[in-house]
file my_file.tsv (TSV, C-alpha atoms)
chain	number	residue	atom	x	y	z
K	1	MET	CA	95.09	115.14	105.20
K	2	PRO	CA	94.98	118.43	107.14
K	3	SER	CA	95.34	121.71	105.22
K	4	GLN	CA	95.91	119.93	101.95
K	5	ASN	CA	97.42	122.03	99.18
K	6	MET	CA	99.51	121.32	96.12
K	7	ASP	CA	102.81	122.16	97.81
K	8	SER	CA	102.15	119.95	100.85
K	9	ILE	CA	101.11	117.00	98.67
K	10	LYS	CA	104.16	117.46	96.46
K	11	THR	CA	106.43	117.61	99.54
K	12	ILE	CA	104.97	114.39	100.94
K	13	PHE	CA	105.55	112.53	97.69
K	14	GLN	CA	109.04	113.97	97.16
K	15	SER	CA	110.26	113.19	100.68
K	16	ARG	CA	108.89	109.65	100.65
K	17	LEU	CA	110.42	108.97	97.22
K	18	THR	CA	113.73	110.01	98.77
K	19	THR	CA	113.05	107.36	101.42
K	20	LEU	CA	112.30	104.78	98.72
K	21	ASP	CA	115.61	105.64	97.07
K	22	HIS	CA	117.36	105.18	100.44
K	23	LEU	CA	115.70	101.78	100.94
K	24	LEU	CA	116.82	100.72	97.47
K	25	LYS	CA	120.41	101.79	98.20
K	26	SER	CA	120.30	99.91	101.53
K	27	ALA	CA	119.22	96.75	99.70
K	28	GLN	CA	121.84	97.23	97.00
K	29	THR	CA	124.53	97.48	99.70
K	30	HIS	CA	123.18	94.51	101.64
K	31	PHE	CA	123.10	92.31	98.54
K	32	ASN	CA	126.53	93.53	97.35
K	33	GLY	CA	125.14	94.91	94.10
K	34	SER	CA	123.17	91.76	93.23
K	35	GLU	CA	119.80	92.55	91.70
K	36	SER	CA	118.17	89.31	92.87
K	37	PHE	CA	116.24	91.11	95.62
K	38	LEU	CA	114.15	92.86	92.94
K	39	GLN	CA	112.30	89.54	92.52
K	40	GLU	CA	111.69	88.98	96.26
K	41	ARG	CA	108.08	88.96	97.38
K	42	ILE	CA	106.20	88.43	100.64
K	43	ALA	CA	103.81	85.82	99.27
K	44	ALA	CA	103.56	83.93	96.00
K	45	ASP	CA	100.45	85.85	94.92
K	46	MET	CA	101.97	89.28	95.61
K	47	PHE	CA	104.06	91.41	93.29
K	48	PRO	CA	107.86	91.40	93.76
K	49	PHE	CA	109.93	94.25	95.17
K	50	GLY	CA	110.72	95.73	91.74
K	51	THR	CA	107.05	96.00	90.89
K	52	GLN	CA	106.39	97.60	94.28
K	53	VAL	CA	108.90	100.32	93.34
K	54	ALA	CA	107.03	100.99	90.09
K	55	PHE	CA	103.63	100.99	91.81
K	56	THR	CA	104.92	103.33	94.55
K	57	CYS	CA	106.16	105.73	91.87
K	58	ASN	CA	102.91	105.53	89.90
K	59	GLN	CA	100.96	107.43	92.55
K	60	PRO	CA	103.02	110.65	92.60
K	61	ARG	CA	103.63	110.24	88.87
K	62	ASN	CA	99.90	110.21	88.14
K	63	PHE	CA	99.37	113.08	90.60
K	64	ALA	CA	101.88	115.19	88.62
K	65	LEU	CA	100.30	114.22	85.31
K	66	TRP	CA	96.82	115.02	86.67
K	67	CYS	CA	98.04	118.39	87.95
K	68	ASN	CA	99.33	119.21	84.49
K	69	GLY	CA	96.09	118.13	82.76
K	70	LYS	CA	97.51	114.90	81.33
K	71	PRO	CA	96.04	111.38	81.58
K	72	ALA	CA	97.41	108.79	84.00
K	73	ASN	CA	100.31	106.82	82.59
K	74	ASN	CA	101.68	104.03	84.76
K	75	LEU	CA	105.27	102.89	84.64
K	76	ASP	CA	106.36	99.48	83.37
K	77	PRO	CA	105.78	97.24	86.40
K	78	LYS	CA	108.44	94.70	85.37
K	79	VAL	CA	111.39	96.32	87.13
K	80	ILE	CA	114.25	93.90	86.55
K	81	SER	CA	117.32	96.09	87.14
K	82	LEU	CA	118.57	98.56	89.70
K	83	THR	CA	119.08	101.07	86.91
K	84	GLN	CA	115.40	100.83	85.98
K	85	ALA	CA	114.30	101.16	89.64
K	86	TYR	CA	116.44	104.26	90.18
K	87	GLU	CA	115.21	105.75	86.88
K	88	HIS	CA	111.59	105.29	87.96
K	89	ILE	CA	112.28	107.21	91.17
K	90	GLU	CA	114.30	109.93	89.45
K	91	ASP	CA	111.79	110.39	86.62
K	92	THR	CA	108.94	110.62	89.15
K	93	GLN	CA	110.83	113.22	91.19
K	94	GLU	CA	111.39	115.20	88.00
K	95	LEU	CA	107.68	115.08	87.12
K	96	LEU	CA	106.81	116.32	90.62
K	97	SER	CA	109.24	119.21	90.25
K	98	GLY	CA	107.43	120.28	87.09
K	99	ILE	CA	103.97	120.56	88.64
K	100	ASN	CA	102.26	123.78	87.64
K	101	ALA	CA	98.78	123.76	89.17
K	102	GLU	CA	96.85	125.97	91.55
K	103	ASP	CA	95.29	124.70	94.79
K	104	ALA	CA	91.85	125.19	93.19
K	105	LYS	CA	92.59	122.06	91.13
K	106	LEU	CA	91.88	120.07	94.30
K	107	ASP	CA	88.22	121.15	94.11
K	108	GLU	CA	87.70	119.90	90.55
K	109	ILE	CA	85.68	116.72	90.04
K	110	GLY	CA	87.36	114.19	87.79
K	111	ARG	CA	86.87	110.68	86.53
K	112	ILE	CA	89.42	108.08	87.56
K	113	ASP	CA	89.40	104.95	85.42
K	114	LEU	CA	90.05	101.80	87.44
K	115	GLY	CA	90.14	99.33	84.55
K	116	GLN	CA	87.64	96.61	83.65
K	117	SER	CA	85.11	99.34	82.73
K	118	LEU	CA	85.10	100.64	86.32
K	119	TYR	CA	85.63	104.23	87.35
K	120	VAL	CA	85.07	106.67	90.20
K	121	GLU	CA	84.33	110.38	90.12
K	122	LEU	CA	86.19	112.24	92.84
K	123	SER	CA	87.22	115.74	93.72
K	124	GLY	CA	90.93	116.36	93.33
K	125	SER	CA	91.23	116.41	97.10
K	126	ALA	CA	89.51	113.02	97.42
K	127	TYR	CA	91.62	111.66	94.55
K	128	VAL	CA	94.73	112.52	96.54
K	129	SER	CA	93.60	111.55	100.05
K	130	ASP	CA	91.40	108.54	99.26
K	131	PHE	CA	93.15	107.03	96.23
K	132	LEU	CA	96.74	108.17	95.65
K	133	ILE	CA	98.07	108.46	99.20
K	134	PRO	CA	96.67	105.09	100.44
K	135	ASN	CA	97.98	103.32	97.32
K	136	PHE	CA	101.34	105.08	97.66
K	137	TYR	CA	101.84	103.98	101.26
K	138	PHE	CA	100.52	100.46	100.61
K	139	HIS	CA	103.19	99.82	97.97
K	140	MET	CA	105.95	101.62	99.87
K	141	VAL	CA	105.27	99.65	103.04
K	142	THR	CA	105.14	96.44	101.02
K	143	ALA	CA	108.53	97.28	99.48
K	144	TYR	CA	109.91	97.98	102.97
K	145	ASP	CA	108.47	94.73	104.31
K	146	ILE	CA	109.96	92.70	101.46
K	147	LEU	CA	113.40	94.12	102.23
K	148	ARG	CA	113.02	93.41	105.96
K	149	MET	CA	111.90	89.86	105.18
K	150	ALA	CA	114.94	89.44	102.90
K	151	GLY	CA	117.26	90.44	105.75
K	152	VAL	CA	118.14	94.01	104.81
K	153	PRO	CA	119.13	95.77	108.06
K	154	ILE	CA	116.60	98.62	107.95
K	155	GLY	CA	114.25	99.86	110.62
K	156	LYS	CA	111.68	102.51	111.36
K	157	ARG	CA	114.28	105.27	111.21
K	158	ASP	CA	114.98	104.31	107.59
K	159	TYR	CA	111.27	104.37	106.79
K	160	MET	CA	110.63	107.66	108.62
K	161	MET	CA	113.62	109.55	107.18
K	162	HIS	CA	111.46	112.59	106.45
K	163	LEU	CA	111.33	113.29	110.21
K	164	VAL	CA	115.11	113.24	110.79
K	165	PRO	CA	115.55	117.00	110.19
K	166	PHE	CA	113.00	117.67	112.96
K	167	VAL	CA	114.50	115.37	115.61
K	168	ARG	CA	115.91	117.21	118.62
K	169	GLN	CA	117.62	116.05	121.77
K	170	ALA	CA	116.29	117.19	125.13
call {"tool": "encode", "arguments": {"input": "my_file.tsv", "output": "structure tokens"}}
result
Amino acid sequence: MPSQNMDSIKTIFQSRLTTLDHLLKSAQTHFNGSESFLQERIAADMFPFGTQVAFTCNQPRNFALWCNGKPANNLDPKVISLTQAYEHIEDTQELLSGINAEDAKLDEIGRIDLGQSLYVELSGSAYVSDFLIPNFYFHMVTAYDILRMAGVPIGKRDYMMHLVPFVRQA
């Protein structure tokens, strides 16, 4: 991640959460308000769309908590309603807005617990670029793919919404 600083990381998470919200609204429209798509999944051994929303939100959520000196605290992964999915996105956006940390935080070494008595020690910068961002995009892309598979008429433009303000015509 070139020239990584707190503001640029925060902007990436905020803009992509706006995209996730857009994808959710597209699915809600496509399914005429039915919440059945929240249980759609790509393969039987993968988590459903609703869980992908929670896992996508967990990355910026835990970034914000880390920035504010608080321990990681993942969201309930059993997202069974549109209201809950939208609340996860909104609450995560609110946490990001409340970040109060200096760029020097990215140099700090911290312990990241992975569960099952496993952990890694990473600088803040590595935590963001090697752990949070890859996990964030993995779950966001999986959510997008589930919606495409379920027939929601979305495409790359919907996924890359953050670039729309920069698009120009020659």
call {"tool": "closest_residue", "arguments": {"input": "my_file.tsv", "among": "K:Gly69, K:Pro60, K:Pro48, K:Gly155", "to": "Pro134 in chain K", "atoms": "all atoms listed in the file"}}
result
K:Pro60
call {"tool": "closest_residue", "arguments": {"input": "my_file.tsv", "among": "K:Val128, K:Val167, K:Leu23, K:Leu17", "to": "Asp91 in chain K", "atoms": "all atoms listed in the file"}}
result
K:Leu17
call {"tool": "closest_residue", "arguments": {"input": "my_file.tsv", "among": "K:Gln84, K:Arg148, K:Val141, K:Gly98", "to": "Met160 in chain K", "atoms": "all atoms listed in the file"}}
result
K:Val141
call {"tool": "residues_around", "arguments": {"input": "my_file.tsv", "residues": "Tyr144 in chain K", "least_positions_apart": "5", "cutoff": "12 Å", "atoms": "all atoms listed in the file", "output": "number ranges by chain"}}
result
K: 16, 19-24, 26-27, 37, 40-42, 48-50, 52-53, 56, 137-139, 149-160
call {"tool": "residues_around", "arguments": {"input": "my_file.tsv", "residues": "range 109-125 of chain K", "least_positions_apart": "2", "cutoff": "12 Å", "atoms": "all atoms listed in the file", "output": "JSON, numbers by chain"}}
result
{"K": [1, 2, 3, 4, 5, 6, 9, 62, 63, 64, 66, 67, 69, 71, 72, 73, 101, 102, 103, 104, 105, 106, 107, 127, 128, 129, 130, 131, 132, 133]}
call {"tool": "atom_distance", "arguments": {"input": "my_file.tsv", "atom1": "CA of Glu35 in chain K", "atom2": "CA of Tyr86 in chain K"}}
result
12.3 Å
call {"tool": "residues_around", "arguments": {"input": "my_file.tsv", "residues": "Arg61 in chain K", "least_positions_apart": "5", "cutoff": "8 Å", "atoms": "all atoms listed in the file", "output": "PyMOL selection string"}}
result
chain K and resi 73-74+92+95-96
call {"tool": "write_last_selection", "arguments": {"input": "my_file.tsv", "atoms": "C-alpha atoms", "output": "PDB file, keeping the file's coordinate frame"}}
result
ATOM      1  CA  ASN K  73     100.310 106.820  82.590  1.00  0.00           C
ATOM      2  CA  ASN K  74     101.680 104.030  84.760  1.00  0.00           C
ATOM      3  CA  THR K  92     108.940 110.620  89.150  1.00  0.00           C
ATOM      4  CA  LEU K  95     107.680 115.080  87.120  1.00  0.00           C
ATOM      5  CA  LEU K  96     106.810 116.320  90.620  1.00  0.00           C
TER       6      LEU K  96
END
call {"tool": "atom_distance", "arguments": {"input": "my_file.tsv", "atom1": "CA of Phe47 in chain K", "atom2": "CA of Leu147 in chain K"}}
result
13.2 Å
call {"tool": "atom_distance", "arguments": {"input": "my_file.tsv", "atom1": "CA of Ile80 in chain K", "atom2": "CA of His30 in chain K"}}
result
17.5 Å
call {"tool": "closest_residue", "arguments": {"input": "my_file.tsv", "among": "K:Ile146, K:Gln93, K:Asp76, K:Leu163", "to": "Phe55 in chain K", "atoms": "all atoms listed in the file"}}
result
K:Asp76
call {"tool": "closest_residue", "arguments": {"input": "my_file.tsv", "among": "K:Pro165, K:Asp45, K:Thr83, K:Pro77", "to": "Ser15 in chain K", "atoms": "all atoms listed in the file"}}
result
K:Pro165
call {"tool": "closest_residue", "arguments": {"input": "my_file.tsv", "among": "K:Cys57, K:Ile12, K:Val164, K:Ala170", "to": "Met140 in chain K", "atoms": "all atoms listed in the file"}}
result
K:Cys57
